[in-house]
file work_38.txt (compact mmCIF, C-alpha atoms)
# COMPACT_ATOMS: atom_id res chain seq x y z
CA MET A 1 6.07 -85.62 -94.73
CA PHE A 2 9.53 -84.69 -93.49
CA ARG A 3 10.41 -84.80 -89.85
CA LEU A 4 13.24 -85.08 -87.37
CA SER A 5 12.97 -87.71 -84.68
CA ALA A 6 14.80 -87.97 -81.38
CA GLU A 7 13.36 -91.49 -81.01
CA PRO A 8 14.16 -94.64 -83.02
CA ILE A 9 12.52 -94.75 -86.45
CA ASP A 10 9.92 -97.48 -87.21
CA PRO A 11 10.33 -98.27 -90.92
CA GLY A 12 7.36 -100.65 -91.07
CA ALA A 13 4.92 -98.06 -89.78
CA LEU A 14 6.34 -95.45 -92.14
CA ALA A 15 6.03 -97.73 -95.18
CA ARG A 16 2.41 -98.49 -94.25
CA SER A 17 1.71 -94.76 -94.03
CA LEU A 18 2.61 -94.47 -97.73
CA SER A 19 0.11 -97.06 -98.93
CA ASP A 20 -2.30 -96.05 -101.64
CA PRO A 21 -4.65 -98.25 -103.66
CA ARG A 22 -3.06 -96.98 -106.87
CA ALA A 23 0.51 -97.71 -105.70
CA GLY A 24 2.32 -100.49 -107.56
CA ALA A 25 5.78 -99.59 -106.27
CA CYS A 26 7.39 -98.55 -103.01
CA ALA A 27 11.09 -97.66 -102.97
CA THR A 28 12.80 -97.04 -99.66
CA PHE A 29 16.24 -95.96 -98.53
CA GLU A 30 17.65 -96.54 -95.07
CA GLY A 31 20.88 -94.95 -93.89
CA TRP A 32 22.53 -97.00 -91.17
CA VAL A 33 25.34 -96.11 -88.77
CA ARG A 34 28.31 -98.10 -90.01
CA SER A 35 31.32 -99.34 -88.16
CA ARG A 36 33.91 -97.44 -90.22
CA ASN A 37 34.02 -94.17 -92.07
CA ASP A 38 36.91 -93.28 -94.36
CA GLY A 39 38.79 -96.22 -92.89
CA ARG A 40 38.42 -95.16 -89.25
CA PRO A 41 36.60 -97.45 -86.78
CA VAL A 42 33.50 -95.67 -85.49
CA ARG A 43 32.04 -96.37 -82.04
CA SER A 44 28.91 -94.22 -82.14
CA LEU A 45 27.68 -90.94 -83.50
CA GLU A 46 25.37 -88.05 -82.85
CA TYR A 47 23.26 -85.86 -85.07
CA GLU A 48 22.46 -82.24 -84.38
CA ALA A 49 19.86 -80.31 -86.38
CA TYR A 50 18.69 -76.74 -86.83
CA LEU A 51 15.12 -77.77 -86.19
CA PRO A 52 12.80 -75.23 -87.83
CA LEU A 53 15.05 -74.70 -90.84
CA ALA A 54 15.71 -78.43 -91.29
CA GLU A 55 12.00 -79.15 -91.32
CA LYS A 56 11.33 -76.36 -93.83
CA GLU A 57 14.12 -77.47 -96.14
CA GLY A 58 13.06 -81.11 -95.86
CA ALA A 59 9.47 -80.20 -96.75
CA ARG A 60 10.73 -78.25 -99.76
CA ILE A 61 12.71 -81.26 -100.99
CA LEU A 62 9.63 -83.49 -100.75
CA ALA A 63 7.58 -80.90 -102.64
CA GLU A 64 10.24 -80.72 -105.35
CA ALA A 65 10.23 -84.52 -105.68
CA ALA A 66 6.43 -84.52 -106.02
CA ALA A 67 6.69 -81.88 -108.76
CA ARG A 68 9.44 -83.70 -110.67
CA PHE A 69 8.28 -87.31 -110.49
CA PRO A 70 4.84 -88.94 -110.82
CA LEU A 71 4.77 -90.19 -107.25
CA LEU A 72 1.84 -90.84 -104.93
CA ARG A 73 3.33 -90.32 -101.46
CA ALA A 74 6.76 -89.63 -100.01
CA ALA A 75 8.23 -89.36 -96.54
CA CYS A 76 11.62 -88.76 -94.96
CA VAL A 77 12.52 -89.05 -91.29
CA HIS A 78 15.96 -88.22 -89.92
CA ARG A 79 17.21 -89.09 -86.46
CA THR A 80 18.74 -86.62 -84.05
CA GLY A 81 20.75 -87.33 -80.91
CA ALA A 82 23.03 -90.23 -80.05
CA LEU A 83 22.99 -93.32 -82.26
CA ALA A 84 24.68 -96.70 -81.86
CA LEU A 85 26.29 -98.76 -84.62
CA GLY A 86 23.74 -100.33 -86.93
CA GLU A 87 20.98 -97.90 -85.94
CA LEU A 88 18.73 -96.35 -88.53
CA ALA A 89 19.80 -92.73 -89.10
CA VAL A 90 17.53 -91.73 -91.96
CA TRP A 91 14.55 -93.30 -93.73
CA VAL A 92 13.12 -92.28 -97.10
CA GLY A 93 10.12 -93.93 -98.73
CA VAL A 94 8.23 -93.18 -101.92
CA THR A 95 5.19 -94.85 -103.44
CA ALA A 96 4.21 -94.47 -107.08
CA GLU A 97 2.17 -96.29 -109.68
CA HIS A 98 5.36 -97.44 -111.39
CA ARG A 99 8.79 -98.27 -110.10
CA GLY A 100 10.83 -95.80 -112.15
CA ALA A 101 9.28 -92.81 -110.42
CA ALA A 102 9.54 -94.46 -106.99
CA PHE A 103 13.27 -95.14 -107.39
CA ASP A 104 14.08 -91.77 -108.95
CA ALA A 105 12.16 -89.77 -106.35
CA CYS A 106 13.63 -91.78 -103.46
CA ARG A 107 17.13 -91.12 -104.67
CA TYR A 108 16.41 -87.45 -105.33
CA ILE A 109 15.12 -87.00 -101.78
CA ILE A 110 18.08 -88.63 -100.05
CA ASP A 111 20.63 -86.90 -102.30
CA GLU A 112 19.09 -83.47 -101.70
CA ALA A 113 18.51 -84.08 -97.99
CA LYS A 114 22.16 -84.95 -97.48
CA ALA A 115 23.28 -81.89 -99.44
CA ARG A 116 20.86 -79.28 -98.10
CA VAL A 117 19.13 -80.08 -94.81
CA PRO A 118 20.93 -78.46 -91.85
CA ILE A 119 21.86 -81.60 -89.94
CA TRP A 120 25.36 -82.31 -88.68
CA LYS A 121 27.06 -85.55 -87.77
CA ARG A 122 29.68 -86.01 -85.09
CA GLU A 123 31.50 -89.33 -85.11
CA HIS A 124 33.06 -90.90 -82.03
CA TYR A 125 36.00 -93.09 -82.98
CA ALA A 126 37.34 -96.23 -81.36
CA ASP A 127 40.51 -94.34 -80.33
CA GLY A 128 38.45 -91.97 -78.12
CA THR A 129 38.56 -88.96 -80.44
CA ALA A 130 35.53 -87.40 -82.09
CA GLY A 131 34.89 -85.00 -84.93
CA TRP A 132 32.26 -83.21 -86.96
CA ILE A 133 31.98 -84.55 -90.51
CA ASN A 134 32.63 -82.06 -93.34
CA ALA A 135 33.90 -79.44 -90.89
CA ALA A 136 37.43 -79.04 -92.17
CA PRO A 137 38.30 -75.38 -92.96
CA ALA A 138 38.92 -76.25 -96.62
CA ALA A 139 36.61 -78.53 -98.55
CA GLY A 140 39.13 -81.28 -99.16
CA GLY A 141 38.39 -83.81 -101.86
CA PRO A 142 34.97 -85.08 -102.77
CA PRO A 143 32.46 -85.39 -99.95
CA PRO A 144 32.16 -89.03 -98.86
CA PRO A 145 28.97 -90.87 -99.89
CA PRO A 146 26.57 -91.50 -98.24
CA MET B 1 19.10 -115.08 -101.52
CA PHE B 2 16.27 -115.43 -104.02
CA ARG B 3 13.14 -117.34 -103.20
CA LEU B 4 9.51 -117.79 -104.04
CA SER B 5 7.01 -117.65 -101.23
CA ALA B 6 3.46 -118.95 -101.10
CA GLU B 7 3.06 -117.10 -97.77
CA PRO B 8 2.92 -113.33 -97.10
CA ILE B 9 6.33 -111.64 -97.19
CA ASP B 10 7.71 -110.01 -94.00
CA PRO B 11 9.76 -107.01 -95.17
CA GLY B 12 11.06 -106.14 -91.70
CA ALA B 13 12.58 -109.56 -91.14
CA LEU B 14 14.09 -109.54 -94.63
CA ALA B 15 15.67 -106.11 -94.13
CA ARG B 16 17.17 -107.26 -90.82
CA SER B 17 18.64 -110.29 -92.57
CA LEU B 18 20.69 -107.92 -94.76
CA SER B 19 22.33 -106.08 -91.90
CA ASP B 20 26.10 -105.88 -91.85
CA PRO B 21 28.34 -103.76 -89.63
CA ARG B 22 29.90 -102.17 -92.70
CA ALA B 23 26.53 -101.27 -94.27
CA GLY B 24 25.75 -97.58 -94.49
CA ALA B 25 22.88 -97.93 -96.95
CA CYS B 26 19.91 -100.22 -97.49
CA ALA B 27 17.74 -99.73 -100.57
CA THR B 28 14.54 -101.70 -100.90
CA PHE B 29 11.84 -102.10 -103.51
CA GLU B 30 8.36 -103.40 -102.83
CA GLY B 31 5.92 -104.25 -105.60
CA TRP B 32 2.31 -103.97 -104.42
CA VAL B 33 -0.89 -105.22 -106.02
CA ARG B 34 -2.60 -102.10 -107.28
CA SER B 35 -6.24 -101.40 -107.89
CA ARG B 36 -5.93 -100.67 -111.62
CA ASN B 37 -3.71 -101.83 -114.43
CA ASP B 38 -3.76 -100.13 -117.83
CA GLY B 39 -6.92 -98.35 -116.73
CA ARG B 40 -8.86 -101.51 -115.77
CA PRO B 41 -10.08 -101.96 -112.17
CA VAL B 42 -8.37 -105.00 -110.66
CA ARG B 43 -10.01 -107.10 -107.93
CA SER B 44 -7.22 -109.56 -107.15
CA LEU B 45 -4.46 -111.46 -108.88
CA GLU B 46 -2.50 -114.68 -108.83
CA TYR B 47 1.09 -115.54 -109.60
CA GLU B 48 2.25 -118.81 -111.05
CA ALA B 49 5.94 -119.75 -111.21
CA TYR B 50 8.12 -122.41 -112.79
CA LEU B 51 9.71 -123.20 -109.47
CA PRO B 52 13.16 -124.72 -110.07
CA LEU B 53 13.93 -122.51 -113.06
CA ALA B 54 12.63 -119.35 -111.35
CA GLU B 55 14.88 -120.00 -108.37
CA LYS B 56 17.90 -120.64 -110.58
CA GLU B 57 17.31 -117.52 -112.67
CA GLY B 58 16.70 -115.41 -109.56
CA ALA B 59 19.94 -116.64 -108.00
CA ARG B 60 21.79 -115.79 -111.21
CA ILE B 61 20.40 -112.25 -111.15
CA LEU B 62 21.57 -111.75 -107.55
CA ALA B 63 25.02 -113.08 -108.46
CA GLU B 64 25.19 -110.70 -111.43
CA ALA B 65 24.24 -107.76 -109.18
CA ALA B 66 26.97 -108.73 -106.69
CA ALA B 67 29.52 -108.83 -109.53
CA ARG B 68 28.47 -105.47 -111.02
CA PHE B 69 27.97 -103.37 -107.89
CA PRO B 70 29.95 -103.08 -104.61
CA LEU B 71 27.13 -104.40 -102.47
CA LEU B 72 27.26 -106.29 -99.18
CA ARG B 73 24.07 -108.36 -99.24
CA ALA B 74 21.05 -108.69 -101.48
CA ALA B 75 17.77 -110.59 -101.36
CA CYS B 76 14.66 -110.93 -103.47
CA VAL B 77 11.44 -112.73 -102.55
CA HIS B 78 8.49 -113.10 -104.92
CA ARG B 79 5.02 -114.25 -103.93
CA THR B 80 3.12 -117.03 -105.63
CA GLY B 81 -0.58 -117.85 -105.38
CA ALA B 82 -3.57 -115.58 -104.83
CA LEU B 83 -2.97 -111.98 -103.71
CA ALA B 84 -5.39 -109.26 -102.61
CA LEU B 85 -5.19 -105.56 -103.48
CA GLY B 86 -2.40 -103.81 -101.60
CA GLU B 87 -0.54 -107.04 -100.84
CA LEU B 88 3.20 -107.25 -101.24
CA ALA B 89 4.01 -109.17 -104.46
CA VAL B 90 7.79 -108.82 -104.57
CA TRP B 91 10.45 -107.51 -102.20
CA VAL B 92 14.04 -106.60 -103.11
CA GLY B 93 16.61 -105.33 -100.64
CA VAL B 94 20.30 -104.48 -101.00
CA THR B 95 22.81 -103.29 -98.44
CA ALA B 96 26.07 -101.59 -99.36
CA GLU B 97 28.62 -99.31 -97.80
CA HIS B 98 27.34 -96.43 -99.92
CA ARG B 99 23.94 -95.58 -101.28
CA GLY B 100 24.80 -95.44 -104.99
CA ALA B 101 25.56 -99.15 -105.14
CA ALA B 102 22.52 -100.01 -103.00
CA PHE B 103 20.13 -98.12 -105.30
CA ASP B 104 21.72 -99.32 -108.54
CA ALA B 105 21.82 -102.95 -107.49
CA CYS B 106 18.25 -102.85 -106.15
CA ARG B 107 16.99 -101.49 -109.44
CA TYR B 108 19.06 -103.94 -111.46
CA ILE B 109 17.59 -106.86 -109.54
CA ILE B 110 13.94 -105.85 -109.91
CA ASP B 111 14.38 -104.91 -113.58
CA GLU B 112 16.03 -108.22 -114.42
CA ALA B 113 13.67 -110.26 -112.26
CA LYS B 114 10.65 -108.82 -114.01
CA ALA B 115 12.21 -109.45 -117.42
CA ARG B 116 13.68 -112.91 -116.89
CA VAL B 117 12.30 -114.92 -113.98
CA PRO B 118 9.59 -117.35 -115.14
CA ILE B 119 6.68 -115.98 -113.11
CA TRP B 120 3.31 -115.14 -114.59
CA LYS B 121 0.56 -112.86 -113.39
CA ARG B 122 -3.15 -113.37 -113.91
CA GLU B 123 -5.35 -110.42 -113.09
CA HIS B 124 -8.97 -110.71 -112.04
CA TYR B 125 -10.93 -107.63 -113.05
CA ALA B 126 -13.90 -105.95 -111.42
CA ASP B 127 -16.11 -106.98 -114.37
CA GLY B 128 -15.54 -110.68 -113.62
CA THR B 129 -13.08 -111.37 -116.43
CA ALA B 130 -9.45 -112.41 -115.94
CA GLY B 131 -6.35 -112.55 -118.06
CA TRP B 132 -2.67 -113.42 -118.15
CA ILE B 133 -0.46 -110.33 -118.43
CA ASN B 134 1.85 -110.13 -121.49
CA ALA B 135 0.14 -113.16 -123.06
CA ALA B 136 -1.18 -111.53 -126.24
CA PRO B 137 -0.10 -113.41 -129.41
CA ALA B 138 1.74 -110.30 -130.68
CA ALA B 139 3.94 -108.22 -128.39
CA GLY B 140 1.87 -105.05 -128.66
CA GLY B 141 3.48 -101.79 -127.56
CA PRO B 142 5.95 -101.41 -124.74
CA PRO B 143 5.50 -103.76 -121.79
CA PRO B 144 3.80 -101.94 -118.90
CA PRO B 145 6.01 -100.98 -115.93
CA PRO B 146 6.20 -102.28 -113.23
CA MET C 1 23.97 -50.44 -82.47
CA LYS C 2 21.35 -53.15 -82.43
CA SER C 3 20.70 -56.34 -80.54
CA VAL C 4 20.66 -59.64 -82.49
CA ARG C 5 20.20 -63.27 -81.43
CA VAL C 6 22.95 -65.47 -82.84
CA ARG C 7 22.62 -69.28 -83.01
CA TYR C 8 25.54 -71.66 -83.41
CA PHE C 9 25.48 -75.29 -84.55
CA ALA C 10 27.88 -78.21 -84.61
CA ILE C 11 31.54 -77.17 -84.88
CA LEU C 12 30.68 -73.47 -84.53
CA ARG C 13 28.75 -74.20 -81.33
CA GLU C 14 31.78 -76.06 -80.00
CA GLN C 15 34.20 -73.32 -81.01
CA ARG C 16 32.00 -70.60 -79.51
CA GLY C 17 31.27 -72.68 -76.40
CA LEU C 18 27.55 -71.91 -76.48
CA ALA C 19 24.53 -72.52 -78.68
CA GLU C 20 23.04 -69.05 -78.65
CA GLU C 21 23.91 -65.54 -77.57
CA ARG C 22 22.58 -62.01 -77.75
CA LEU C 23 24.97 -59.76 -79.66
CA GLU C 24 25.18 -55.97 -79.65
CA THR C 25 26.66 -54.96 -82.97
CA GLY C 26 26.99 -52.08 -85.38
CA ALA C 27 27.57 -54.42 -88.33
CA LEU C 28 24.98 -54.21 -91.09
CA THR C 29 24.91 -57.57 -92.87
CA ALA C 30 25.08 -61.24 -91.97
CA GLY C 31 28.52 -61.38 -93.59
CA GLU C 32 29.85 -58.47 -91.57
CA ILE C 33 28.58 -60.02 -88.35
CA TYR C 34 30.26 -63.34 -89.17
CA ALA C 35 33.54 -61.54 -89.87
CA GLU C 36 33.28 -59.74 -86.52
CA LEU C 37 32.50 -62.94 -84.58
CA SER C 38 35.04 -65.00 -86.46
CA ALA C 39 37.83 -62.55 -85.60
CA ARG C 40 36.74 -62.48 -81.95
CA HIS C 41 36.33 -66.26 -81.44
CA GLY C 42 38.75 -67.75 -83.96
CA PHE C 43 36.21 -69.76 -85.97
CA THR C 44 38.06 -72.08 -88.37
CA LEU C 45 35.44 -72.16 -91.14
CA PRO C 46 35.75 -69.46 -93.82
CA PRO C 47 32.43 -67.89 -94.87
CA GLU C 48 32.53 -69.56 -98.28
CA ARG C 49 32.05 -72.90 -96.50
CA LEU C 50 29.04 -71.62 -94.54
CA ARG C 51 25.55 -70.39 -95.26
CA ALA C 52 23.68 -67.74 -93.28
CA ALA C 53 20.11 -68.03 -92.05
CA LEU C 54 17.93 -65.16 -90.89
CA ASN C 55 14.82 -65.83 -88.82
CA ASP C 56 14.94 -69.56 -89.58
CA GLU C 57 15.31 -69.16 -93.34
CA PHE C 58 18.37 -69.26 -95.58
CA ALA C 59 19.61 -65.76 -96.46
CA PRO C 60 22.44 -64.32 -98.56
CA TRP C 61 25.53 -63.04 -96.76
CA GLY C 62 24.58 -59.53 -97.89
CA ALA C 63 21.19 -59.65 -96.14
CA THR C 64 20.63 -56.73 -93.76
CA VAL C 65 20.28 -57.85 -90.14
CA ARG C 66 17.76 -55.87 -88.09
CA GLU C 67 17.10 -55.38 -84.39
CA GLY C 68 15.74 -58.56 -82.84
CA ASP C 69 16.57 -60.81 -85.81
CA ILE C 70 17.71 -64.39 -85.25
CA LEU C 71 20.92 -64.98 -87.18
CA ALA C 72 22.40 -68.44 -87.63
CA PHE C 73 25.52 -69.73 -89.34
CA ILE C 74 25.18 -73.10 -91.10
CA PRO C 75 28.35 -75.23 -91.26
CA PRO C 76 28.61 -77.73 -94.14
CA VAL C 77 25.77 -80.15 -93.55
CA ALA C 78 26.30 -83.87 -93.01
CA GLY C 79 23.00 -85.66 -92.63
CA GLY C 80 22.32 -89.24 -93.62
CA MET D 1 9.74 -142.32 -131.23
CA LYS D 2 10.59 -141.26 -127.72
CA SER D 3 8.75 -140.32 -124.57
CA VAL D 4 9.10 -136.75 -123.22
CA ARG D 5 7.56 -134.95 -120.23
CA VAL D 6 6.05 -131.61 -121.27
CA ARG D 7 5.21 -128.89 -118.74
CA TYR D 8 2.84 -126.00 -119.41
CA PHE D 9 2.53 -122.72 -117.50
CA ALA D 10 0.11 -119.81 -117.36
CA ILE D 11 -1.79 -119.26 -120.62
CA LEU D 12 -0.32 -122.40 -122.20
CA ARG D 13 -1.48 -124.46 -119.24
CA GLU D 14 -4.97 -123.02 -119.67
CA GLN D 15 -5.00 -123.59 -123.42
CA ARG D 16 -3.76 -127.17 -123.05
CA GLY D 17 -6.07 -127.82 -120.09
CA LEU D 18 -3.34 -129.49 -118.05
CA ALA D 19 -0.02 -128.64 -116.41
CA GLU D 20 2.01 -131.64 -117.56
CA GLU D 21 1.76 -134.56 -119.93
CA ARG D 22 3.84 -137.39 -121.29
CA LEU D 23 4.27 -137.06 -125.04
CA GLU D 24 5.30 -139.72 -127.54
CA THR D 25 6.95 -137.93 -130.44
CA GLY D 26 9.28 -138.39 -133.36
CA ALA D 27 10.21 -134.69 -133.37
CA LEU D 28 13.86 -133.96 -132.76
CA THR D 29 14.11 -130.46 -131.28
CA ALA D 30 12.24 -128.31 -128.75
CA GLY D 31 11.05 -126.12 -131.63
CA GLU D 32 9.69 -129.06 -133.62
CA ILE D 33 7.83 -130.33 -130.59
CA TYR D 34 6.28 -126.92 -129.96
CA ALA D 35 5.15 -126.74 -133.61
CA GLU D 36 3.58 -130.20 -133.30
CA LEU D 37 1.76 -129.35 -130.04
CA SER D 38 0.75 -125.90 -131.21
CA ALA D 39 -0.90 -127.32 -134.34
CA ARG D 40 -2.66 -129.99 -132.28
CA HIS D 41 -3.93 -127.71 -129.47
CA GLY D 42 -4.25 -124.30 -131.13
CA PHE D 43 -1.81 -122.42 -128.86
CA THR D 44 -2.10 -118.70 -129.59
CA LEU D 45 1.51 -117.74 -128.77
CA PRO D 46 3.99 -117.94 -131.67
CA PRO D 47 7.37 -119.46 -130.76
CA GLU D 48 9.14 -116.08 -131.04
CA ARG D 49 7.14 -114.96 -127.98
CA LEU D 50 8.21 -118.03 -125.98
CA ARG D 51 11.37 -119.59 -124.63
CA ALA D 52 12.06 -123.27 -124.26
CA ALA D 53 13.46 -124.97 -121.17
CA LEU D 54 14.97 -128.43 -121.04
CA ASN D 55 15.39 -130.22 -117.71
CA ASP D 56 14.69 -127.03 -115.74
CA GLU D 57 17.16 -124.87 -117.65
CA PHE D 58 16.67 -122.44 -120.52
CA ALA D 59 17.53 -124.00 -123.88
CA PRO D 60 17.56 -122.85 -127.50
CA TRP D 61 14.69 -123.94 -129.75
CA GLY D 62 17.17 -126.03 -131.70
CA ALA D 63 18.15 -128.12 -128.66
CA THR D 64 17.78 -131.86 -129.20
CA VAL D 65 15.17 -133.43 -126.92
CA ARG D 66 15.98 -136.90 -125.66
CA GLU D 67 14.03 -139.75 -124.14
CA GLY D 68 12.89 -138.84 -120.62
CA ASP D 69 13.71 -135.13 -120.89
CA ILE D 70 11.48 -132.55 -119.23
CA LEU D 71 10.53 -129.91 -121.80
CA ALA D 72 8.80 -126.67 -120.80
CA PHE D 73 7.53 -123.72 -122.79
CA ILE D 74 7.91 -120.33 -121.12
CA PRO D 75 5.30 -117.71 -122.03
CA PRO D 76 6.34 -114.04 -121.72
CA VAL D 77 7.07 -113.55 -118.03
CA ALA D 78 5.20 -111.05 -115.87
CA GLY D 79 6.53 -111.01 -112.34
CA GLY D 80 6.55 -108.02 -110.02

call {"tool": "encode", "arguments": {"input": "work_38.txt", "output": "structure tokens"}}
result
Amino acid sequence: MFRLSAEPIDPGALARSLSDPRAGACATFEGWVRSRNDGRPVRSLEYEAYLPLAEKEGARILAEAAARFPLLRAACVHRTGALALGELAVWVGVTAEHRGAAFDACRYIIDEAKARVPIWKREHYADGTAGWINAAPAAGGPPPPP
Amino acid sequence: MFRLSAEPIDPGALARSLSDPRAGACATFEGWVRSRNDGRPVRSLEYEAYLPLAEKEGARILAEAAARFPLLRAACVHRTGALALGELAVWVGVTAEHRGAAFDACRYIIDEAKARVPIWKREHYADGTAGWINAAPAAGGPPPPP
Amino acid sequence: MKSVRVRYFAILREQRGLAEERLETGALTAGEIYAELSARHGFTLPPERLRAALNDEFAPWGATVREGDILAFIPPVAGG
Amino acid sequence: MKSVRVRYFAILREQRGLAEERLETGALTAGEIYAELSARHGFTLPPERLRAALNDEFAPWGATVREGDILAFIPPVAGG
């Protein structure tokens, strides 16, 4: 299940939704809004998404993960709208019988989601300026993780 | 922070305890009691630990992870006593600026904890028998993950 | 000439000053339409940094755009 | 002869029938004490499948055990 959420994400409820009697492992990833990016103090940020295409691409990524790894269930929820420092921006969870598949699939999903799902981040800096991430005319240097 | 817990683990509270304004990533691992192991239906299980040595070895593993990976905070809590199917047996969480370190450190901690911390698992099977895992006189075949 | 719906996101939406418009154009492909709009509005992103989407699905720049299609330009994504 | 506290866990605790005992022994090392106890109680695990711990810290089998020490035998672990 991939979805975009304009409301705060509830990680506990999401993790419970992945439970399965066969599951021995649950790996999760949470992306949090941090107070600096590339050395600049960040005050808040906003996410914009191309809704129908983002949901299609997200569902494709989850289907790919299920085909590549022996997982039981997987979910990814990404926030849209304005977020404060420390808020949960994206949640990924995977259950599997064994931990290798849970970790590998979780990482696959977040790596692909960040590279492919049409979601954009605009950071508001402490000095009052703001900017879209990755929007420079030339792709300069390696893209910052995560 | 590594500890053993005779009481149910609260993953939400643990994840909050890892928050840090610089953290952009939180990777967690949960080990759940599953309904079969090596093809045998499991009814419940119990964990026994060598308390002072388990806590020392767990603390060493967390210190090693902090030395190897650029993480911000890390915690691991392992249950002791009787557990029902689906219950949370072990929780690992790591926060870092970037997701690579969070994933790598989380996996390092659970891999090492399972290999080194003196904790033992006794499974109770649906047919009324029970047995200690990994306790065969000869180490037969690869140890089962996770 | 045909009428196409164009959607803009993120920096392109800011540079265009709106999120969606109806465009009358004689251009044939997604790439030709981006070139036309880019020249008119001064978009800073070159096409090699963008992807095109047609009717809510990714499409190659050479895809033919038809009457009534929804065309979108996807700036480099930055989720997570 | 000296007096040593011996702790048993998991399958060793079951096979010994108790979790801890005080042992009077003339054996010098952790390995010699395990051999003595294993012969007496029929432990199924060979020493190469175990680790020794002395005073709540891992120790080599050749470690000298002294009066009053706490000696533990660690069966193959199985956390998680």

call {"tool": "atom_distance", "arguments": {"input": "work_38.txt", "atom1": "atom CA of Gly31 of chain C", "atom2": "atom CA of Ala59 of chain A"}}
result
27.0 Å

call {"tool": "atom_distance", "arguments": {"input": "work_38.txt", "atom1": "atom CA of Phe58 of chain D", "atom2": "atom CA of Gly100 of chain A"}}
result
28.5 Å

call {"tool": "interface_residues", "arguments": {"input": "work_38.txt", "of": "chain B", "to": "chain C", "cutoff": "12 Å", "atoms": "all atoms listed in the file", "output": "VMD selection string"}}
result
chain B and resid 24 to 26 98 to 99

call {"tool": "residues_around", "arguments": {"input": "work_38.txt", "residues": "segment 11-23 of chain D", "least_positions_apart": "4", "cutoff": "10 Å", "atoms": "all atoms listed in the file", "output": "ChimeraX atom specification"}}
result
/B:120-122,131-136 /D:1-7,33,37-38,40-45,68,70-76

call {"tool": "residues_around", "arguments": {"input": "work_38.txt", "residues": "Arg73 of chain B", "least_positions_apart": "5", "cutoff": "12 Å", "atoms": "all atoms listed in the file", "output": "VMD selection string"}}
result
chain B and resid 1 to 2 14 to 28 62 to 63 65 to 67 92 to 97 101 to 102 105 to 106

call {"tool": "residues_around", "arguments": {"input": "work_38.txt", "residues": "Arg116 of chain B", "least_positions_apart": "6", "cutoff": "10 Å", "atoms": "all atoms listed in the file", "output": "ChimeraX atom specification"}}
result
/B:54,57-58,61,110 /D:76-79
